[in-house]
$ cat target37.cif   # mmCIF, C-alpha atoms
data_upload
loop_
_atom_site.label_atom_id
_atom_site.label_comp_id
_atom_site.auth_asym_id
_atom_site.auth_seq_id
_atom_site.Cartn_x
_atom_site.Cartn_y
_atom_site.Cartn_z
CA MET A 1 -167.91 -23.19 78.31
CA LEU A 2 -170.95 -23.33 80.61
CA LEU A 3 -171.65 -19.63 80.06
CA GLY A 4 -171.09 -20.05 76.33
CA ALA A 5 -173.84 -22.66 76.08
CA ALA A 6 -176.36 -20.61 78.08
CA PRO A 7 -177.48 -18.18 75.33
CA PHE A 8 -178.11 -21.08 72.93
CA ALA A 9 -180.21 -22.96 75.47
CA ILE A 10 -182.19 -19.75 76.10
CA ILE A 11 -182.69 -19.13 72.37
CA PHE A 12 -183.76 -22.76 71.93
CA GLY A 13 -186.29 -22.53 74.77
CA THR A 14 -187.63 -19.18 73.60
CA LEU A 15 -188.03 -20.16 69.95
CA ALA A 16 -189.57 -23.58 70.63
CA GLY A 17 -193.09 -22.17 70.96
CA PRO A 18 -193.07 -20.04 67.79
CA SER A 19 -191.58 -23.02 65.90
CA GLY A 20 -194.48 -25.26 66.90
CA LEU A 21 -192.94 -27.27 69.74
CA SER A 22 -194.84 -27.32 73.05
CA PRO A 23 -193.06 -26.26 76.27
CA GLY A 24 -193.12 -29.88 77.47
CA GLY A 25 -191.70 -31.01 74.13
CA ALA A 26 -188.90 -28.45 74.29
CA MET A 27 -187.96 -29.47 77.83
CA ALA A 28 -188.12 -33.18 76.94
CA MET A 29 -185.89 -32.56 73.94
CA SER A 30 -183.19 -30.89 76.06
CA LEU A 31 -183.46 -33.65 78.70
CA CYS A 32 -183.47 -36.64 76.34
CA VAL A 33 -181.71 -35.61 73.13
CA PHE A 34 -179.20 -33.17 74.67
CA ALA A 35 -177.59 -32.10 71.39
CA GLY A 36 -177.63 -28.37 70.72
CA ALA A 37 -177.11 -28.35 66.97
CA SER A 38 -179.70 -31.07 66.33
CA GLN A 39 -182.22 -29.34 68.58
CA PHE A 40 -181.79 -26.06 66.71
CA ILE A 41 -182.11 -27.77 63.35
CA ALA A 42 -185.17 -29.70 64.52
CA LEU A 43 -186.87 -26.40 65.45
CA THR A 44 -186.03 -24.85 62.09
CA LEU A 45 -187.34 -27.90 60.25
CA LEU A 46 -190.50 -28.07 62.40
CA ALA A 47 -191.21 -24.41 61.69
CA SER A 48 -190.89 -25.05 57.96
CA GLY A 49 -193.31 -27.97 58.13
CA ALA A 50 -190.82 -30.80 57.53
CA GLY A 51 -191.85 -34.40 58.24
CA LEU A 52 -190.54 -36.58 61.06
CA ALA A 53 -188.39 -38.73 58.78
CA VAL A 54 -186.54 -35.67 57.45
CA ILE A 55 -185.86 -34.36 60.94
CA LEU A 56 -184.58 -37.75 62.13
CA LEU A 57 -182.37 -38.21 59.09
CA THR A 58 -180.92 -34.72 59.52
CA THR A 59 -180.32 -35.43 63.22
CA LEU A 60 -178.39 -38.54 62.23
CA VAL A 61 -176.23 -36.72 59.68
CA VAL A 62 -175.50 -33.79 61.97
CA ASN A 63 -174.65 -36.05 64.90
CA LEU A 64 -172.30 -38.34 63.02
CA ARG A 65 -169.42 -36.24 64.31
CA HIS A 66 -170.18 -37.61 67.78
CA ALA A 67 -169.25 -41.06 66.51
CA LEU A 68 -165.85 -39.61 65.69
CA TYR A 69 -165.56 -38.30 69.26
CA SER A 70 -166.48 -41.61 70.82
CA ALA A 71 -164.05 -43.42 68.52
CA THR A 72 -161.33 -41.03 69.72
CA LEU A 73 -162.19 -41.47 73.41
CA LEU A 74 -162.64 -45.23 73.11
CA PRO A 75 -159.11 -46.19 74.26
CA HIS A 76 -159.74 -44.29 77.50
CA VAL A 77 -163.08 -45.88 78.32
CA ALA A 78 -162.22 -49.36 77.04
CA GLY A 79 -161.42 -50.50 80.58
CA LEU A 80 -164.75 -49.31 82.00
CA ARG A 81 -167.90 -51.36 82.46
CA GLN A 82 -170.97 -50.76 80.29
CA ARG A 83 -172.77 -49.12 83.21
CA TRP A 84 -170.14 -46.39 82.93
CA ARG A 85 -169.97 -46.31 79.16
CA ILE A 86 -173.72 -45.83 78.62
CA PRO A 87 -174.09 -42.58 80.58
CA LEU A 88 -170.73 -41.29 79.31
CA ALA A 89 -171.97 -41.85 75.75
CA PHE A 90 -175.38 -40.28 76.43
CA TRP A 91 -173.75 -37.09 77.73
CA LEU A 92 -171.02 -36.82 75.10
CA THR A 93 -171.18 -33.37 73.44
CA ASP A 94 -168.80 -31.11 71.53
CA GLU A 95 -167.92 -29.25 74.71
CA THR A 96 -167.40 -32.33 76.85
CA PHE A 97 -165.27 -33.93 74.14
CA ALA A 98 -163.02 -30.88 73.97
CA VAL A 99 -162.53 -30.72 77.74
CA VAL A 100 -162.20 -34.44 78.37
CA HIS A 101 -159.93 -35.16 75.40
CA HIS A 102 -157.60 -32.43 76.63
CA HIS A 103 -157.66 -33.89 80.14
CA TYR A 104 -156.86 -37.42 78.94
CA LEU A 105 -153.87 -36.07 77.01
CA GLU A 106 -152.28 -34.67 80.16
CA PRO A 107 -149.25 -36.73 81.16
CA ASP A 108 -150.37 -37.87 84.65
CA SER A 109 -151.80 -41.37 84.71
CA SER A 110 -154.61 -40.85 87.20
CA PRO A 111 -157.03 -43.79 87.15
CA PHE A 112 -159.93 -41.47 88.02
CA LYS A 113 -160.17 -39.48 84.79
CA HIS A 114 -163.56 -40.97 84.02
CA TRP A 115 -164.85 -39.17 87.12
CA TYR A 116 -163.61 -35.95 85.55
CA TYR A 117 -165.42 -36.93 82.35
CA LEU A 118 -168.62 -37.62 84.32
CA GLY A 119 -168.34 -34.34 86.22
CA SER A 120 -167.93 -32.38 83.01
CA CYS A 121 -170.96 -34.17 81.54
CA LEU A 122 -173.19 -33.43 84.52
CA ALA A 123 -172.19 -29.77 84.61
CA MET A 124 -173.02 -29.35 80.90
CA TYR A 125 -176.27 -31.29 81.25
CA ILE A 126 -177.63 -29.38 84.24
CA ASN A 127 -176.53 -26.08 82.71
CA TRP A 128 -178.18 -26.82 79.33
CA ASN A 129 -181.48 -27.87 80.90
CA LEU A 130 -181.73 -25.00 83.40
CA TRP A 131 -181.14 -22.45 80.62
CA THR A 132 -183.61 -24.24 78.34
CA LEU A 133 -186.20 -23.92 81.11
CA SER A 134 -185.40 -20.21 81.48
CA GLY A 135 -185.82 -19.79 77.73
CA ILE A 136 -189.19 -21.56 77.74
CA LEU A 137 -190.43 -19.35 80.61
CA LEU A 138 -189.13 -16.26 78.83
CA GLY A 139 -190.90 -17.30 75.64
CA ARG A 140 -194.17 -17.77 77.50
CA SER A 141 -193.97 -14.37 79.17
CA LEU A 142 -193.42 -12.69 75.78
CA PRO A 143 -196.25 -14.22 73.76
CA ARG A 144 -195.77 -12.05 70.67
CA LEU A 145 -192.13 -12.94 70.41
CA GLU A 146 -192.41 -14.32 66.90
CA HIS A 147 -193.26 -10.84 65.65
CA MET A 148 -190.22 -9.28 67.23
CA GLY A 149 -187.78 -10.81 64.79
CA LEU A 150 -186.30 -13.37 67.15
CA GLU A 151 -186.85 -15.96 64.44
CA PHE A 152 -183.75 -14.44 62.88
CA ALA A 153 -181.68 -15.67 65.87
CA MET A 154 -181.51 -19.14 64.34
CA ALA A 155 -180.30 -17.91 60.96
CA ALA A 156 -177.75 -15.69 62.73
CA THR A 157 -176.51 -18.63 64.82
CA PHE A 158 -175.99 -20.85 61.79
CA THR A 159 -174.32 -18.05 59.82
CA GLY A 160 -172.03 -17.22 62.73
CA ILE A 161 -170.97 -20.86 63.05
CA VAL A 162 -170.36 -21.44 59.34
CA VAL A 163 -168.55 -18.27 58.23
CA PRO A 164 -165.36 -18.67 60.32
CA LEU A 165 -165.04 -22.26 59.05
CA LEU A 166 -164.75 -21.11 55.42
CA ARG A 167 -161.02 -20.49 55.56
CA SER A 168 -159.93 -23.24 53.19
CA ARG A 169 -160.85 -23.52 49.53
CA PRO A 170 -162.53 -26.94 49.81
CA MET A 171 -164.65 -25.67 52.76
CA LEU A 172 -165.70 -22.58 50.81
CA ALA A 173 -166.53 -24.66 47.74
CA ALA A 174 -168.51 -27.11 49.89
CA ALA A 175 -170.58 -24.23 51.28
CA LEU A 176 -171.17 -22.65 47.86
CA GLY A 177 -172.15 -26.01 46.37
CA ALA A 178 -174.52 -26.77 49.25
CA ALA A 179 -176.08 -23.30 48.94
CA ALA A 180 -176.57 -23.60 45.17
CA VAL A 181 -178.20 -27.04 45.40
CA ALA A 182 -180.36 -25.97 48.37
CA LEU A 183 -181.67 -22.98 46.39
CA ALA A 184 -182.19 -24.94 43.18
CA ALA A 185 -183.98 -27.78 44.98
CA HIS A 186 -185.86 -25.85 47.68
CA ALA A 187 -189.27 -26.66 46.17
CA LEU A 188 -188.76 -30.44 46.34
CA PRO A 189 -191.07 -32.23 48.81
CA TYR A 190 -189.95 -33.63 52.20
CA LYS A 191 -187.01 -31.22 52.35
CA LEU A 192 -185.17 -33.50 49.93
CA GLY A 193 -183.33 -30.40 48.78
CA LEU A 194 -181.62 -30.18 52.18
CA MET A 195 -180.30 -33.75 51.94
CA LEU A 196 -179.19 -33.30 48.33
CA ALA A 197 -177.49 -30.02 49.20
CA ALA A 198 -175.68 -31.50 52.21
CA LEU A 199 -174.52 -34.44 50.12
CA ALA A 200 -173.35 -32.16 47.30
CA GLY A 201 -171.41 -29.97 49.75
CA VAL A 202 -169.66 -32.92 51.37
CA VAL A 203 -168.75 -34.53 48.03
CA ILE A 204 -167.40 -31.25 46.63
CA GLY A 205 -165.30 -30.68 49.76
CA VAL A 206 -163.81 -34.18 49.81
CA VAL A 207 -163.09 -34.23 46.06
CA LEU A 208 -161.38 -30.83 46.13
CA GLU A 209 -159.32 -31.88 49.15
CA GLU A 210 -158.20 -35.01 47.31
CA LEU A 211 -157.19 -32.94 44.27
CA ALA A 212 -155.32 -30.31 46.27
CA MET B 1 -197.07 -32.76 74.38
CA THR B 2 -198.67 -34.32 71.28
CA GLY B 3 -198.14 -37.87 70.04
CA ARG B 4 -196.19 -36.55 67.08
CA GLU B 5 -193.82 -34.68 69.40
CA LEU B 6 -193.39 -37.82 71.47
CA ILE B 7 -192.36 -39.81 68.40
CA LEU B 8 -190.07 -37.00 67.25
CA ILE B 9 -188.28 -36.74 70.59
CA ALA B 10 -188.06 -40.52 71.07
CA GLY B 11 -186.63 -40.86 67.57
CA MET B 12 -184.11 -38.05 68.01
CA THR B 13 -183.08 -39.49 71.38
CA ALA B 14 -182.54 -42.94 69.88
CA VAL B 15 -180.60 -41.66 66.86
CA THR B 16 -178.40 -39.35 68.92
CA PHE B 17 -177.66 -41.93 71.61
CA LEU B 18 -176.88 -44.72 69.15
CA VAL B 19 -174.44 -42.52 67.25
CA ARG B 20 -172.70 -41.54 70.50
CA TYR B 21 -172.71 -45.06 71.95
CA ALA B 22 -171.87 -47.23 68.91
CA PHE B 23 -168.09 -47.10 69.37
CA PHE B 24 -168.23 -47.43 73.15
CA ALA B 25 -170.42 -50.52 72.74
CA LEU B 26 -168.56 -52.24 69.94
CA GLY B 27 -165.05 -51.40 71.02
CA GLU B 28 -162.24 -51.51 68.49
CA ARG B 29 -163.96 -53.99 66.19
CA VAL B 30 -165.11 -51.10 63.98
CA ALA B 31 -163.27 -48.09 62.59
CA PHE B 32 -163.99 -45.24 60.21
CA PRO B 33 -162.15 -45.35 56.89
CA PRO B 34 -160.13 -42.13 56.38
CA VAL B 35 -162.41 -40.88 53.60
CA VAL B 36 -165.41 -40.98 55.96
CA GLN B 37 -163.46 -39.08 58.60
CA ARG B 38 -162.63 -36.47 55.99
CA ALA B 39 -166.23 -36.30 54.79
CA LEU B 40 -167.52 -35.75 58.34
CA ARG B 41 -165.54 -32.53 58.62
CA TYR B 42 -167.63 -31.04 55.80
CA VAL B 43 -171.00 -32.06 57.26
CA PRO B 44 -171.60 -29.07 59.58
CA VAL B 45 -170.73 -26.51 56.89
CA ALA B 46 -172.79 -28.28 54.21
CA VAL B 47 -175.89 -28.85 56.37
CA LEU B 48 -175.97 -25.44 58.05
CA THR B 49 -175.35 -23.59 54.77
CA ALA B 50 -178.08 -25.62 53.08
CA ILE B 51 -180.51 -24.57 55.84
CA VAL B 52 -179.56 -20.94 56.21
CA VAL B 53 -179.12 -19.77 52.61
CA PRO B 54 -182.73 -20.47 51.54
CA MET B 55 -183.98 -18.91 54.81
CA VAL B 56 -182.14 -15.71 53.96
CA LEU B 57 -182.67 -15.46 50.21
CA LEU B 58 -186.26 -16.78 50.14
CA PRO B 59 -187.62 -15.25 53.37
CA ASP B 60 -191.24 -16.20 52.64
CA GLY B 61 -190.24 -19.74 51.68
CA SER B 62 -190.81 -19.50 47.94
CA HIS B 63 -189.92 -16.11 46.43
CA TRP B 64 -186.46 -14.71 45.81
CA GLN B 65 -185.72 -11.47 47.57
CA LEU B 66 -182.28 -10.34 46.44
CA ASP B 67 -182.38 -6.65 47.27
CA TRP B 68 -181.59 -4.20 50.06
CA ARG B 69 -185.16 -4.39 51.41
CA ASN B 70 -184.53 -7.95 52.63
CA ALA B 71 -183.97 -7.74 56.42
CA TRP B 72 -182.84 -11.40 56.57
CA LEU B 73 -180.13 -10.74 54.00
CA ALA B 74 -178.95 -7.57 55.77
CA GLY B 75 -178.83 -9.35 59.14
CA ALA B 76 -177.04 -12.40 57.76
CA LEU B 77 -174.45 -10.27 55.94
CA ALA B 78 -173.77 -8.35 59.16
CA THR B 79 -173.46 -11.62 61.10
CA GLY B 80 -171.11 -13.04 58.47
CA VAL B 81 -168.85 -9.98 58.38
CA ILE B 82 -168.55 -9.84 62.18
CA ALA B 83 -167.97 -13.60 62.41
CA TRP B 84 -165.26 -13.46 59.72
CA ARG B 85 -163.51 -10.42 61.15
CA PHE B 86 -163.67 -11.20 64.89
CA ASN B 87 -164.31 -14.95 65.03
CA HIS B 88 -166.69 -14.37 67.95
CA LEU B 89 -169.93 -16.33 67.69
CA LEU B 90 -172.10 -14.51 70.23
CA GLY B 91 -170.87 -11.12 69.06
CA SER B 92 -171.75 -11.95 65.46
CA ILE B 93 -175.23 -13.20 66.43
CA GLY B 94 -175.88 -10.09 68.53
CA GLY B 95 -174.63 -7.74 65.82
CA GLY B 96 -176.66 -9.49 63.14
CA MET B 97 -179.81 -9.31 65.26
CA VAL B 98 -179.34 -5.60 65.90
CA VAL B 99 -179.04 -5.01 62.14
CA PHE B 100 -182.11 -7.20 61.52
CA PHE B 101 -184.23 -5.32 64.11
CA LEU B 102 -183.12 -1.88 62.92
CA HIS B 103 -183.71 -2.86 59.29
CA ARG B 104 -187.26 -3.95 60.14
CA ILE B 105 -187.99 -0.78 62.09
CA ILE B 106 -186.50 1.63 59.56
CA ILE B 107 -187.39 -0.03 56.26
CA GLY B 108 -190.21 -2.20 57.52
#

$ encode --input "target37.cif" --output "structure tokens"
Amino acid sequence: MLLGAAPFAIIFGTLAGPSGLSPGGAMAMSLCVFAGASQFIALTLLASGAGLAVILLTTLVVNLRHALYSATLLPHVAGLRQRWRIPLAFWLTDETFAVVHHHYLEPDSSPFKHWYYLGSCLAMYINWNLWTLSGILLGRSLPRLEHMGLEFAMAATFTGIVVPLLRSRPMLAAALGAAAVALAAHALPYKLGLMLAALAGVVIGVVLEELA
Amino acid sequence: MTGRELILIAGMTAVTFLVRYAFFALGERVAFPPVVQRALRYVPVAVLTAIVVPMVLLPDGSHWQLDWRNAWLAGALATGVIAWRFNHLLGSIGGGMVVFFLHRIIIG
């Protein structure tokens, strides 16, 4: 899991410069936001000249799944004080959720599982930030990187994530609908096309699932 | 770091943290209706597809390029095929990038 995240942190750090984010900004983003998908999308949107409001709204939409994670983990942290809950929430990612949820489901009733949760968080956090730093340094030592085609790494990452998810008909229809609306509306200002396309995809998926 | 970047990062930090913390803070007083839970499962596919398809089919940002000379299209197709067949994310990214580089070198 730690090794799996490394290439993405490196790609993020390397592409930050060509996308128009300063090295300090890239490092601050990994330290403060700590959300891989949102960070990637923010870079893509920055590079395409999107406004702040669009990036923040997209961050919100993409991160809503984390609310689902924290709702799922809530029974396990309900007995903890807020000074525990705040850092555990800050560090909650896809990877940590997967590991920690699995650990909480194990039959032993150890009262120290939140330490396991914290340990998992810290490992992911340190790992993500060290690899981001490596990526930033790599990007600076290869100043003409943007002409080497690395900008395609982002498109490849998104494609590689989406394609294996398209195994049900509603998912496939959601993707096709989102693609069609995104293409039809790409010239709209403020990246409105992206929001419309995301909305269309979600609605199509949910409606088809209801009908099935 | 510019002021605009500062606002961007502060905003993203706030949004991300509030989404992650809301349930831990409020406890069981709030819950997602099932339809919202279902809708959330479609968000990644819808958002990522909406970002990537225009990148690939309109590589310069405004003009369609639907032919074999489009390196973005070739790379994305390769990524998609590998991802579908082997379900291996890093392998599909690597394979797609190799196709993209070679396409640029050979066809330019």

$ resolve_selection --input "target37.cif" --expression "the PyMOL selection byres ((chain A) within 7 of (chain B))" --output "ChimeraX atom specification"
/A:22,24-25,29,32-33,52,56,59-60,62-67,70-71,74,78,85-86,89-90,92,149,152-153,155-164,171,174-175,178-179,182-183,194,197-198,201-202,205-206

$ residues_near_point --input "target37.cif" --point "(-194.1, -16.7, 78.7)" --cutoff "12 Å" --atoms "all atoms listed in the file" --output "ChimeraX atom specification"
/A:13-18,23,133-145

$ residues_around --input "target37.cif" --residues "A:His101" --least-positions-apart "5" --cutoff "12 Å" --atoms "only C-alpha atoms" --output "list in words"
Tyr69, Ser70, Ala71, Thr72, Leu73, Leu74, Pro75, His76, Val77, Leu92, Thr93, Asp94, Glu95, Thr96, Glu106, Lys113, His114, Tyr116, Tyr117 and Ser120 of chain A

$ atom_distance --input "target37.cif" --atom1 "atom CA of B:Arg69" --atom2 "atom CA of A:Ser19"
24.5 Å

$ resolve_selection --input "target37.cif" --expression "the PyMOL selection byres ((chain A and resi 48) around 10)" --output "list in words"
Ser19, Gly20, Ala42, Leu43, Thr44, Leu45, Leu46, Ala47, Gly49, Ala50, Gly51 and Lys191 of chain A; Met55 and Gly61 of chain B

$ atom_distance --input "target37.cif" --atom1 "atom CA of A:Ala26" --atom2 "atom CA of A:Leu88"
22.8 Å

$ atom_distance --input "target37.cif" --atom1 "atom CA of B:Ala74" --atom2 "atom CA of A:Leu172"
20.6 Å

$ resolve_selection --input "target37.cif" --expression "the PyMOL selection byres ((chain A and resi 36) around 10)" --output "number ranges by chain"
A: 5, 8-9, 12, 29-30, 33-35, 37-42, 93-94, 128

$ decode --input "target37.cif" --residues "stretch 31-50 of chain B" --atoms "N, CA and C atoms" --output "mmCIF file, in the first residue's frame"
data_model
loop_
_atom_site.group_PDB
_atom_site.id
_atom_site.type_symbol
_atom_site.label_atom_id
_atom_site.label_comp_id
_atom_site.auth_asym_id
_atom_site.auth_seq_id
_atom_site.Cartn_x
_atom_site.Cartn_y
_atom_site.Cartn_z
ATOM 1 N N ALA B 31 -27.189 11.000 8.981
ATOM 2 C CA ALA B 31 -26.936 9.786 8.215
ATOM 3 C C ALA B 31 -27.242 10.058 6.749
ATOM 4 N N PHE B 32 -26.570 9.347 5.874
ATOM 5 C CA PHE B 32 -26.821 9.483 4.441
ATOM 6 C C PHE B 32 -28.057 8.688 4.057
ATOM 7 N N PRO B 33 -28.998 9.268 3.332
ATOM 8 C CA PRO B 33 -30.066 8.450 2.762
ATOM 9 C C PRO B 33 -29.460 7.491 1.728
ATOM 10 N N PRO B 34 -30.104 6.305 1.552
ATOM 11 C CA PRO B 34 -29.522 5.290 0.657
ATOM 12 C C PRO B 34 -29.260 5.815 -0.750
ATOM 13 N N VAL B 35 -30.115 6.691 -1.262
ATOM 14 C CA VAL B 35 -29.930 7.150 -2.640
ATOM 15 C C VAL B 35 -28.637 7.957 -2.768
ATOM 16 N N VAL B 36 -28.273 8.696 -1.708
ATOM 17 C CA VAL B 36 -27.019 9.454 -1.743
ATOM 18 C C VAL B 36 -25.828 8.494 -1.719
ATOM 19 N N GLN B 37 -25.947 7.451 -0.876
ATOM 20 C CA GLN B 37 -24.873 6.458 -0.838
ATOM 21 C C GLN B 37 -24.656 5.825 -2.201
ATOM 22 N N ARG B 38 -25.794 5.553 -2.882
ATOM 23 C CA ARG B 38 -25.698 4.949 -4.209
ATOM 24 C C ARG B 38 -25.056 5.943 -5.177
ATOM 25 N N ALA B 39 -25.503 7.196 -5.097
ATOM 26 C CA ALA B 39 -24.983 8.214 -6.013
ATOM 27 C C ALA B 39 -23.479 8.382 -5.848
ATOM 28 N N LEU B 40 -22.989 8.310 -4.596
ATOM 29 C CA LEU B 40 -21.560 8.533 -4.355
ATOM 30 C C LEU B 40 -20.685 7.504 -5.075
ATOM 31 N N ARG B 41 -21.237 6.310 -5.275
ATOM 32 C CA ARG B 41 -20.428 5.288 -5.951
ATOM 33 C C ARG B 41 -20.143 5.660 -7.402
ATOM 34 N N TYR B 42 -21.000 6.511 -7.989
ATOM 35 C CA TYR B 42 -20.802 6.884 -9.393
ATOM 36 C C TYR B 42 -19.929 8.124 -9.550
ATOM 37 N N VAL B 43 -19.640 8.808 -8.432
ATOM 38 C CA VAL B 43 -18.897 10.073 -8.533
ATOM 39 C C VAL B 43 -17.500 9.903 -9.150
ATOM 40 N N PRO B 44 -16.685 8.949 -8.653
ATOM 41 C CA PRO B 44 -15.335 8.861 -9.249
ATOM 42 C C PRO B 44 -15.372 8.619 -10.755
ATOM 43 N N VAL B 45 -16.200 7.663 -11.192
ATOM 44 C CA VAL B 45 -16.263 7.357 -12.624
ATOM 45 C C VAL B 45 -16.735 8.578 -13.415
ATOM 46 N N ALA B 46 -17.778 9.249 -12.920
ATOM 47 C CA ALA B 46 -18.331 10.390 -13.668
ATOM 48 C C ALA B 46 -17.319 11.533 -13.743
ATOM 49 N N VAL B 47 -16.693 11.873 -12.610
ATOM 50 C CA VAL B 47 -15.771 13.024 -12.598
ATOM 51 C C VAL B 47 -14.523 12.730 -13.425
ATOM 52 N N LEU B 48 -13.922 11.563 -13.194
ATOM 53 C CA LEU B 48 -12.664 11.270 -13.895
ATOM 54 C C LEU B 48 -12.893 11.138 -15.397
ATOM 55 N N THR B 49 -14.005 10.507 -15.791
ATOM 56 C CA THR B 49 -14.302 10.401 -17.230
ATOM 57 C C THR B 49 -14.514 11.787 -17.824
ATOM 58 N N ALA B 50 -15.226 12.641 -17.093
ATOM 59 C CA ALA B 50 -15.508 13.990 -17.603
ATOM 60 C C ALA B 50 -14.221 14.798 -17.755
#
